[in-house]
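Enquirer: Pasting in a structure now, in structure tokens, and then I'll have a few things to ask.
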Amino acid sequence: MMQRQRASYLFSLLIIPLFMLAACSSTPKNDYDLNYDFSRLKSFSQLAPNKNSDPLSANRIQQAIATSLVSQGFVAQAEAPDFYVAYGFKVENKPKDSGFSIGIGTGTWGSSGGASIGTSVDVPVGSDTAKIQTIQIDIIDPKTNQLVWRGTDKFNFDDGGEAKAEETKATVAKILAQFPPKTQK
């Protein structure tokens with residue numbers, strides 16, 4: 001009986017963090033022109049970004065876009081590219097969860113058993129808001145200057161630096177992994 005409880009406890013310790021990670025990840029969203037022929041796209045050029053108050057994030061996004069597209073086999077080409085890439089981003093504050101939770105548990109000790117209900121309240125340390133960065137990437141036809149594909153995703157961050165830079169790269173890669181769209185024939 002004790003071995004089964006220990007195994008159950010260890011399983012819980014392993015599975016709970018996986019569920020928490022899955023809950024934190026997001027799925028990029030995209031939309032595109034259903035009549036556009038994406039198969040002819042081979043080269044790209046990035047449009048100059050709008051002036052913004054966060055040039056570090058802008059530079060990271062621009063570099064991540066180039067890295068992702070080149071790794072997919074597209075070629076960066078300043079003159080006469082097959083498509084333009086534009087991007088935008090915004091940072092918002094989102095209230096953190098209250099941290100109030102209720103738990104129900106059962107257990108046995110020797111030949112006796114029991115059940116309990118408990119609560120916990122998380123006391124926020126530092127800020128009571130989380131920062132969310134949303135990134136939007138647009139693919140534009142240079143001949144018509146029309147939007148033909150758009151992808152967006154977001155991520156949470158507390159501080160800048162290396163962690164935010166890595167999350168920016170990962171988010172841009174997730175967005176562009178859906179480009180070009182896989183059309184069903």
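Chain labels follow the order of the structure tokens: the first chain is A, the next B, and so on; residue numbering restarts at 1 in every chain, and ligands are counted from 1 in their shown order.
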Identify, on the basis of only C-alpha atoms, every residue whose closest approach to A:Glu79 does not exceed 10 Å; exclude the query and any residue fewer than 5 positions from it along the same chain; express the result as a list in words.

Expert: Ser43, Phe44 and Ser45 of chain A

Enquirer: Which distance in Å separates atom CA of A:Asn30 and atom CA of A:Thr152, to one decimal?

Expert: 6.3 Å

Enquirer: Taking 4 positions as the minimum chain separation for residues in the same chain, which residues sit within 12 Å of A:Gln77 when counting only C-alpha atoms? Answer as a list in words.

Expert: Leu41, Lys42, Ser43, Phe44, Ser45, Gln46, Leu47, Ala66, Leu69, Val70, Pro81, Asp82, Phe83, Tyr84 and Val85 of chain A

Enquirer: Mind pulling up the distance from atom CA of A:Val91 to atom CA of A:Lys51?

Expert: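 Going from atom CA of A:Lys51 over to atom CA of A:Val91, I get 14.8 Å.
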
Enquirer: Find the distance between atom CA of A:Ile139 and atom CA of A:Ala173 and write it in Å to one decimal.

Expert: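 According to the coordinates, atom CA of A:Ile139 and atom CA of A:Ala173 are separated by 14.7 Å.
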